[in-house]
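Structure record follows, encoded as structure tokens.
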Amino acid sequence: MFEAAGSVLSVFEVVGKVHGRKKIQKMIYLLKVAGTPMPFQYEYHHYGPYSSGLQAELDDLAQRGFLSESMHDDTYVYEMTDEGRKFKEKLDRFGMTVEVDRELVRSMARHSSQFLEMVSTYAFLVDTGYERQAAKDKALELKSHLPISIDQAIAYYDGFVASRLK
């Protein structure tokens with residue numbers, strides 16, 4: 001529990017607030033792809049990579065008062081609370097948090113959840129063994145409803161996600 005909580009709170013420490021369950025799912029998945037040791041397992045669902053373990057952790061953190069969860073215009077909004085900041089500080093002292101790439105987190109926070117959905121879908125396909133062109137073609141097939149340029153998503157993946165792999 002502490003490792004998962006520390007991982008999630010490390011992201012919120014950088015951005016404070018995230019608009020959308022889908023967005024936080026994609027942000028943490030892309031951090032994992034970029035090499036951040038996130039303890040969540042992902043499967044492919046309709047909106048791309050999804051972790052039921054991450055959703056359970058978000059629910060638990062909200063229930064414990066470390067994150068606030070509210071609805072604005074049919075979108076869940078998660079925000080780190082003062083209690084969450086205090087808990088994160090305790091986890092830091094015991095080495096139960098992860099160092100996240102702050103630039104990558106801030107960059108993802110500025111993008112729409114739809115854009116991150118396309119990027120993470122492409123990343124998931126590459127990560128599961130698709131060759132780059134096949135991953136591009138499959139992402140276009142799976143996400144034909146998104147008005148997002150696959151080429152922009154791939155450029156973002158190459159420039160901000162894959163480039164951070166060690």
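Here's how to read the names in the structure tokens: chain A, B, ... by the order shown, residue numbers from 1 in each chain, ligand numbers from 1 in the order shown.
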Need the shell around segment 84-92 of chain A: protein/DNA/RNA residues with any atom at most 9 Å away, counting only C-alpha atoms. Skip same-chain ones fewer than 3 positions apart. Format as a PDB file with all heavy atoms, in the first residue's frame?
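As written to disk, selection_37.pdb reads:
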ATOM      1  N   PHE A   2       1.920   1.280   0.811  1.00  0.00           N
ATOM      2  CA  PHE A   2       2.718   2.489   0.938  1.00  0.00           C
ATOM      3  C   PHE A   2       3.460   2.827  -0.351  1.00  0.00           C
ATOM      4  O   PHE A   2       3.563   3.990  -0.718  1.00  0.00           O
ATOM      5  CB  PHE A   2       3.693   2.384   2.108  1.00  0.00           C
ATOM      6  CG  PHE A   2       3.001   2.345   3.438  1.00  0.00           C
ATOM      7  CD1 PHE A   2       3.195   1.286   4.306  1.00  0.00           C
ATOM      8  CD2 PHE A   2       2.142   3.365   3.829  1.00  0.00           C
ATOM      9  CE1 PHE A   2       2.557   1.245   5.536  1.00  0.00           C
ATOM     10  CE2 PHE A   2       1.499   3.344   5.057  1.00  0.00           C
ATOM     11  CZ  PHE A   2       1.703   2.270   5.913  1.00  0.00           C
ATOM     12  N   GLU A   3       3.979   1.810  -1.034  1.00  0.00           N
ATOM     13  CA  GLU A   3       4.691   2.045  -2.299  1.00  0.00           C
ATOM     14  C   GLU A   3       3.747   2.633  -3.341  1.00  0.00           C
ATOM     15  O   GLU A   3       4.090   3.594  -4.035  1.00  0.00           O
ATOM     16  CB  GLU A   3       5.295   0.736  -2.808  1.00  0.00           C
ATOM     17  CG  GLU A   3       6.032   0.882  -4.116  1.00  0.00           C
ATOM     18  CD  GLU A   3       6.536  -0.459  -4.635  1.00  0.00           C
ATOM     19  OE1 GLU A   3       5.758  -1.156  -5.291  1.00  0.00           O
ATOM     20  OE2 GLU A   3       7.705  -0.787  -4.375  1.00  0.00           O
ATOM     21  N   ALA A   5       0.860   4.227  -2.788  1.00  0.00           N
ATOM     22  CA  ALA A   5       0.456   5.560  -2.347  1.00  0.00           C
ATOM     23  C   ALA A   5       1.563   6.567  -2.618  1.00  0.00           C
ATOM     24  O   ALA A   5       1.307   7.670  -3.126  1.00  0.00           O
ATOM     25  CB  ALA A   5       0.099   5.543  -0.858  1.00  0.00           C
ATOM     26  N   GLY A   6       2.784   6.196  -2.301  1.00  0.00           N
ATOM     27  CA  GLY A   6       3.913   7.089  -2.529  1.00  0.00           C
ATOM     28  C   GLY A   6       4.108   7.417  -3.994  1.00  0.00           C
ATOM     29  O   GLY A   6       4.436   8.557  -4.352  1.00  0.00           O
ATOM     30  N   LEU A   9       1.178   9.847  -4.994  1.00  0.00           N
ATOM     31  CA  LEU A   9       1.352  11.158  -4.363  1.00  0.00           C
ATOM     32  C   LEU A   9       2.556  11.906  -4.928  1.00  0.00           C
ATOM     33  O   LEU A   9       2.567  13.139  -4.954  1.00  0.00           O
ATOM     34  CB  LEU A   9       1.431  11.028  -2.849  1.00  0.00           C
ATOM     35  CG  LEU A   9       0.136  10.565  -2.170  1.00  0.00           C
ATOM     36  CD1 LEU A   9       0.360  10.331  -0.680  1.00  0.00           C
ATOM     37  CD2 LEU A   9      -1.006  11.540  -2.412  1.00  0.00           C
ATOM     38  N   SER A  10       3.563  11.181  -5.411  1.00  0.00           N
ATOM     39  CA  SER A  10       4.714  11.826  -6.041  1.00  0.00           C
ATOM     40  C   SER A  10       4.298  12.596  -7.289  1.00  0.00           C
ATOM     41  O   SER A  10       4.835  13.667  -7.581  1.00  0.00           O
ATOM     42  CB  SER A  10       5.782  10.789  -6.406  1.00  0.00           C
ATOM     43  OG  SER A  10       6.351  10.230  -5.238  1.00  0.00           O
ATOM     44  N   GLU A  13       2.291  15.676  -6.128  1.00  0.00           N
ATOM     45  CA  GLU A  13       3.165  16.689  -5.543  1.00  0.00           C
ATOM     46  C   GLU A  13       3.637  17.670  -6.625  1.00  0.00           C
ATOM     47  O   GLU A  13       3.807  18.860  -6.362  1.00  0.00           O
ATOM     48  CB  GLU A  13       4.368  16.027  -4.877  1.00  0.00           C
ATOM     49  CG  GLU A  13       5.312  17.019  -4.233  1.00  0.00           C
ATOM     50  CD  GLU A  13       6.500  16.334  -3.578  1.00  0.00           C
ATOM     51  OE1 GLU A  13       7.145  15.483  -4.231  1.00  0.00           O
ATOM     52  OE2 GLU A  13       6.764  16.658  -2.411  1.00  0.00           O
ATOM     53  N   LEU A  61      -6.851   6.556  -1.503  1.00  0.00           N
ATOM     54  CA  LEU A  61      -6.258   7.838  -1.105  1.00  0.00           C
ATOM     55  C   LEU A  61      -7.331   8.899  -0.886  1.00  0.00           C
ATOM     56  O   LEU A  61      -7.224   9.720   0.031  1.00  0.00           O
ATOM     57  CB  LEU A  61      -5.236   8.298  -2.148  1.00  0.00           C
ATOM     58  CG  LEU A  61      -3.932   7.493  -2.191  1.00  0.00           C
ATOM     59  CD1 LEU A  61      -3.125   7.840  -3.436  1.00  0.00           C
ATOM     60  CD2 LEU A  61      -3.107   7.712  -0.931  1.00  0.00           C
ATOM     61  N   ARG A  64      -9.165   8.104   2.404  1.00  0.00           N
ATOM     62  CA  ARG A  64      -8.342   8.431   3.575  1.00  0.00           C
ATOM     63  C   ARG A  64      -8.096   9.935   3.733  1.00  0.00           C
ATOM     64  O   ARG A  64      -7.470  10.363   4.698  1.00  0.00           O
ATOM     65  CB  ARG A  64      -7.006   7.693   3.492  1.00  0.00           C
ATOM     66  CG  ARG A  64      -7.154   6.199   3.621  1.00  0.00           C
ATOM     67  CD  ARG A  64      -5.807   5.513   3.410  1.00  0.00           C
ATOM     68  NE  ARG A  64      -5.931   4.083   3.458  1.00  0.00           N
ATOM     69  CZ  ARG A  64      -5.835   3.356   4.558  1.00  0.00           C
ATOM     70  NH1 ARG A  64      -5.618   3.936   5.721  1.00  0.00           N
ATOM     71  NH2 ARG A  64      -5.949   2.041   4.504  1.00  0.00           N
ATOM     72  N   GLY A  65      -8.542  10.716   2.744  1.00  0.00           N
ATOM     73  CA  GLY A  65      -8.406  12.160   2.837  1.00  0.00           C
ATOM     74  C   GLY A  65      -7.087  12.706   2.327  1.00  0.00           C
ATOM     75  O   GLY A  65      -6.776  13.882   2.543  1.00  0.00           O
ATOM     76  N   PHE A  66      -6.288  11.880   1.640  1.00  0.00           N
ATOM     77  CA  PHE A  66      -5.009  12.334   1.105  1.00  0.00           C
ATOM     78  C   PHE A  66      -5.174  12.987  -0.266  1.00  0.00           C
ATOM     79  O   PHE A  66      -4.337  13.781  -0.695  1.00  0.00           O
ATOM     80  CB  PHE A  66      -4.004  11.193   1.033  1.00  0.00           C
ATOM     81  CG  PHE A  66      -3.726  10.561   2.377  1.00  0.00           C
ATOM     82  CD1 PHE A  66      -3.622   9.199   2.511  1.00  0.00           C
ATOM     83  CD2 PHE A  66      -3.568  11.343   3.518  1.00  0.00           C
ATOM     84  CE1 PHE A  66      -3.367   8.606   3.743  1.00  0.00           C
ATOM     85  CE2 PHE A  66      -3.312  10.780   4.759  1.00  0.00           C
ATOM     86  CZ  PHE A  66      -3.207   9.402   4.872  1.00  0.00           C
ATOM     87  N   LEU A  67      -6.236  12.613  -0.962  1.00  0.00           N
ATOM     88  CA  LEU A  67      -6.642  13.253  -2.211  1.00  0.00           C
ATOM     89  C   LEU A  67      -8.096  13.651  -2.047  1.00  0.00           C
ATOM     90  O   LEU A  67      -8.866  12.930  -1.419  1.00  0.00           O
ATOM     91  CB  LEU A  67      -6.549  12.297  -3.408  1.00  0.00           C
ATOM     92  CG  LEU A  67      -5.189  11.833  -3.901  1.00  0.00           C
ATOM     93  CD1 LEU A  67      -5.356  10.849  -5.060  1.00  0.00           C
ATOM     94  CD2 LEU A  67      -4.314  13.006  -4.324  1.00  0.00           C
ATOM     95  N   MET A  80      -4.446  16.902  -4.439  1.00  0.00           N
ATOM     96  CA  MET A  80      -3.743  16.527  -3.217  1.00  0.00           C
ATOM     97  C   MET A  80      -4.168  17.472  -2.088  1.00  0.00           C
ATOM     98  O   MET A  80      -4.227  18.683  -2.268  1.00  0.00           O
ATOM     99  CB  MET A  80      -2.239  16.605  -3.440  1.00  0.00           C
ATOM    100  CG  MET A  80      -1.412  15.992  -2.360  1.00  0.00           C
ATOM    101  SD  MET A  80       0.311  15.985  -2.938  1.00  0.00           S
ATOM    102  CE  MET A  80       1.052  14.938  -1.728  1.00  0.00           C
ATOM    103  N   THR A  81      -4.459  16.898  -0.931  1.00  0.00           N
ATOM    104  CA  THR A  81      -4.881  17.678   0.235  1.00  0.00           C
ATOM    105  C   THR A  81      -3.668  17.983   1.120  1.00  0.00           C
ATOM    106  O   THR A  81      -2.578  17.428   0.918  1.00  0.00           O
ATOM    107  CB  THR A  81      -5.906  16.895   1.070  1.00  0.00           C
ATOM    108  OG1 THR A  81      -5.253  15.719   1.588  1.00  0.00           O
ATOM    109  CG2 THR A  81      -7.133  16.509   0.246  1.00  0.00           C
ATOM    110  N   GLY A  95      11.596   6.404   2.545  1.00  0.00           N
ATOM    111  CA  GLY A  95      12.007   5.927   1.223  1.00  0.00           C
ATOM    112  C   GLY A  95      10.912   5.191   0.471  1.00  0.00           C
ATOM    113  O   GLY A  95      11.203   4.301  -0.321  1.00  0.00           O
ATOM    114  N   MET A  96       9.664   5.556   0.707  1.00  0.00           N
ATOM    115  CA  MET A  96       8.540   4.849   0.093  1.00  0.00           C
ATOM    116  C   MET A  96       7.872   5.658  -1.017  1.00  0.00           C
ATOM    117  O   MET A  96       6.703   5.468  -1.301  1.00  0.00           O
ATOM    118  CB  MET A  96       7.519   4.468   1.154  1.00  0.00           C
ATOM    119  CG  MET A  96       8.059   3.490   2.143  1.00  0.00           C
ATOM    120  SD  MET A  96       6.794   3.041   3.324  1.00  0.00           S
ATOM    121  CE  MET A  96       7.584   1.679   4.126  1.00  0.00           C
ATOM    122  N   THR A  97       8.628   6.544  -1.626  1.00  0.00           N
ATOM    123  CA  THR A  97       8.110   7.306  -2.758  1.00  0.00           C
ATOM    124  C   THR A  97       9.074   7.111  -3.926  1.00  0.00           C
ATOM    125  O   THR A  97      10.156   6.536  -3.763  1.00  0.00           O
ATOM    126  CB  THR A  97       7.982   8.805  -2.430  1.00  0.00           C
ATOM    127  OG1 THR A  97       9.253   9.303  -2.019  1.00  0.00           O
ATOM    128  CG2 THR A  97       6.952   9.049  -1.344  1.00  0.00           C
ATOM    129  N   VAL A  98       8.679   7.570  -5.069  1.00  0.00           N
ATOM    130  CA  VAL A  98       9.550   7.487  -6.233  1.00  0.00           C
ATOM    131  C   VAL A  98       9.887   8.895  -6.697  1.00  0.00           C
ATOM    132  O   VAL A  98       9.129   9.838  -6.471  1.00  0.00           O
ATOM    133  CB  VAL A  98       8.901   6.702  -7.393  1.00  0.00           C
ATOM    134  CG1 VAL A  98       8.669   5.255  -7.021  1.00  0.00           C
ATOM    135  CG2 VAL A  98       7.617   7.357  -7.860  1.00  0.00           C
TER     136      VAL A  98
END
Among chain A, which residues does DSSP mark as strand (DSSP E) when it is run on the backbone? Keep the chain and numbering as in the structure and answer as a compact mmCIF listing (two decimals) with N, CA and C atoms, in the first residue's frame.
# COMPACT_ATOMS: atom_id res chain seq x y z
N LYS A 17 -3.18 18.95 -8.97
CA LYS A 17 -4.54 18.60 -9.36
C LYS A 17 -4.53 17.98 -10.76
N VAL A 18 -5.38 16.97 -10.96
CA VAL A 18 -5.54 16.35 -12.28
C VAL A 18 -7.02 16.25 -12.58
N HIS A 19 -7.38 16.73 -13.76
CA HIS A 19 -8.78 16.67 -14.23
C HIS A 19 -8.97 15.41 -15.06
N GLU A 43 -3.63 -3.18 -18.35
CA GLU A 43 -4.22 -3.96 -19.43
C GLU A 43 -4.81 -2.96 -20.41
N TYR A 44 -5.09 -3.44 -21.61
CA TYR A 44 -5.69 -2.55 -22.60
C TYR A 44 -7.21 -2.60 -22.46
N HIS A 45 -7.82 -1.42 -22.36
CA HIS A 45 -9.28 -1.27 -22.32
C HIS A 45 -9.68 -0.27 -23.39
N GLY A 48 -7.64 2.81 -23.76
CA GLY A 48 -6.19 2.60 -23.75
C GLY A 48 -5.77 1.89 -22.48
N PRO A 49 -4.48 2.00 -22.13
CA PRO A 49 -3.97 1.31 -20.94
C PRO A 49 -4.73 1.73 -19.69
N TYR A 50 -5.09 0.72 -18.90
CA TYR A 50 -5.87 0.96 -17.68
C TYR A 50 -5.37 0.04 -16.59
N LEU A 67 -6.24 12.61 -0.96
CA LEU A 67 -6.64 13.25 -2.21
C LEU A 67 -8.10 13.65 -2.05
N SER A 68 -8.46 14.78 -2.62
CA SER A 68 -9.89 15.09 -2.70
C SER A 68 -10.36 14.67 -4.08
N GLU A 69 -11.58 14.18 -4.13
CA GLU A 69 -12.17 13.74 -5.40
C GLU A 69 -13.49 14.49 -5.54
N SER A 70 -13.62 15.22 -6.63
CA SER A 70 -14.86 15.96 -6.88
C SER A 70 -15.24 15.82 -8.35
N MET A 71 -16.44 16.25 -8.66
CA MET A 71 -16.93 16.22 -10.04
C MET A 71 -17.11 17.65 -10.52
N HIS A 72 -16.57 17.95 -11.70
CA HIS A 72 -16.77 19.24 -12.36
C HIS A 72 -17.09 18.95 -13.82
N THR A 75 -16.57 15.43 -15.02
CA THR A 75 -15.18 14.98 -14.97
C THR A 75 -14.74 14.89 -13.51
N TYR A 76 -14.12 13.77 -13.17
CA TYR A 76 -13.55 13.63 -11.83
C TYR A 76 -12.31 14.51 -11.74
N VAL A 77 -12.18 15.21 -10.64
CA VAL A 77 -11.01 16.04 -10.39
C VAL A 77 -10.38 15.54 -9.09
N TYR A 78 -9.10 15.21 -9.18
CA TYR A 78 -8.35 14.77 -8.01
C TYR A 78 -7.36 15.86 -7.64
N GLU A 79 -7.29 16.14 -6.34
CA GLU A 79 -6.36 17.16 -5.87
C GLU A 79 -5.73 16.69 -4.57
N MET A 80 -4.45 16.90 -4.44
CA MET A 80 -3.74 16.53 -3.22
C MET A 80 -4.17 17.47 -2.09
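If you look at atom CA of Leu142 of chain A and atom CA of Ser51 of chain A, they are 18.5 Å away from each other.
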Of the listed residues A:Lys136, A:Arg21, A:Lys26, A:Lys32, that which approaches Glu99 of chain A most closely, counting only C-alpha atoms: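 Counting only C-alpha atoms, the residue closest to Glu99 of chain A is A:Lys32.
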Nearby residues (only C-alpha atoms) at most 10 Å from Asp158 of chain A, same-chain spacing under 5 positions excluded, as a list in words: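 The residues satisfying every condition are Val119, Ala123, Gln152, Ala153, Ser163 and Arg164 of chain A.
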Minimum-distance residue to Val33 of chain A, chosen among A:Val8, A:Leu104, A:Ala56, A:Ala139 (using only C-alpha atoms):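 Using only C-alpha atoms, Val33 of chain A sits closest to A:Leu104.
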Backbone-only DSSP, alpha helix (DSSP H) members of chain A, as a ChimeraX atom specification: /A:2-15,21-33,52-63,82-93,102-110,113-127,132-142,150-156
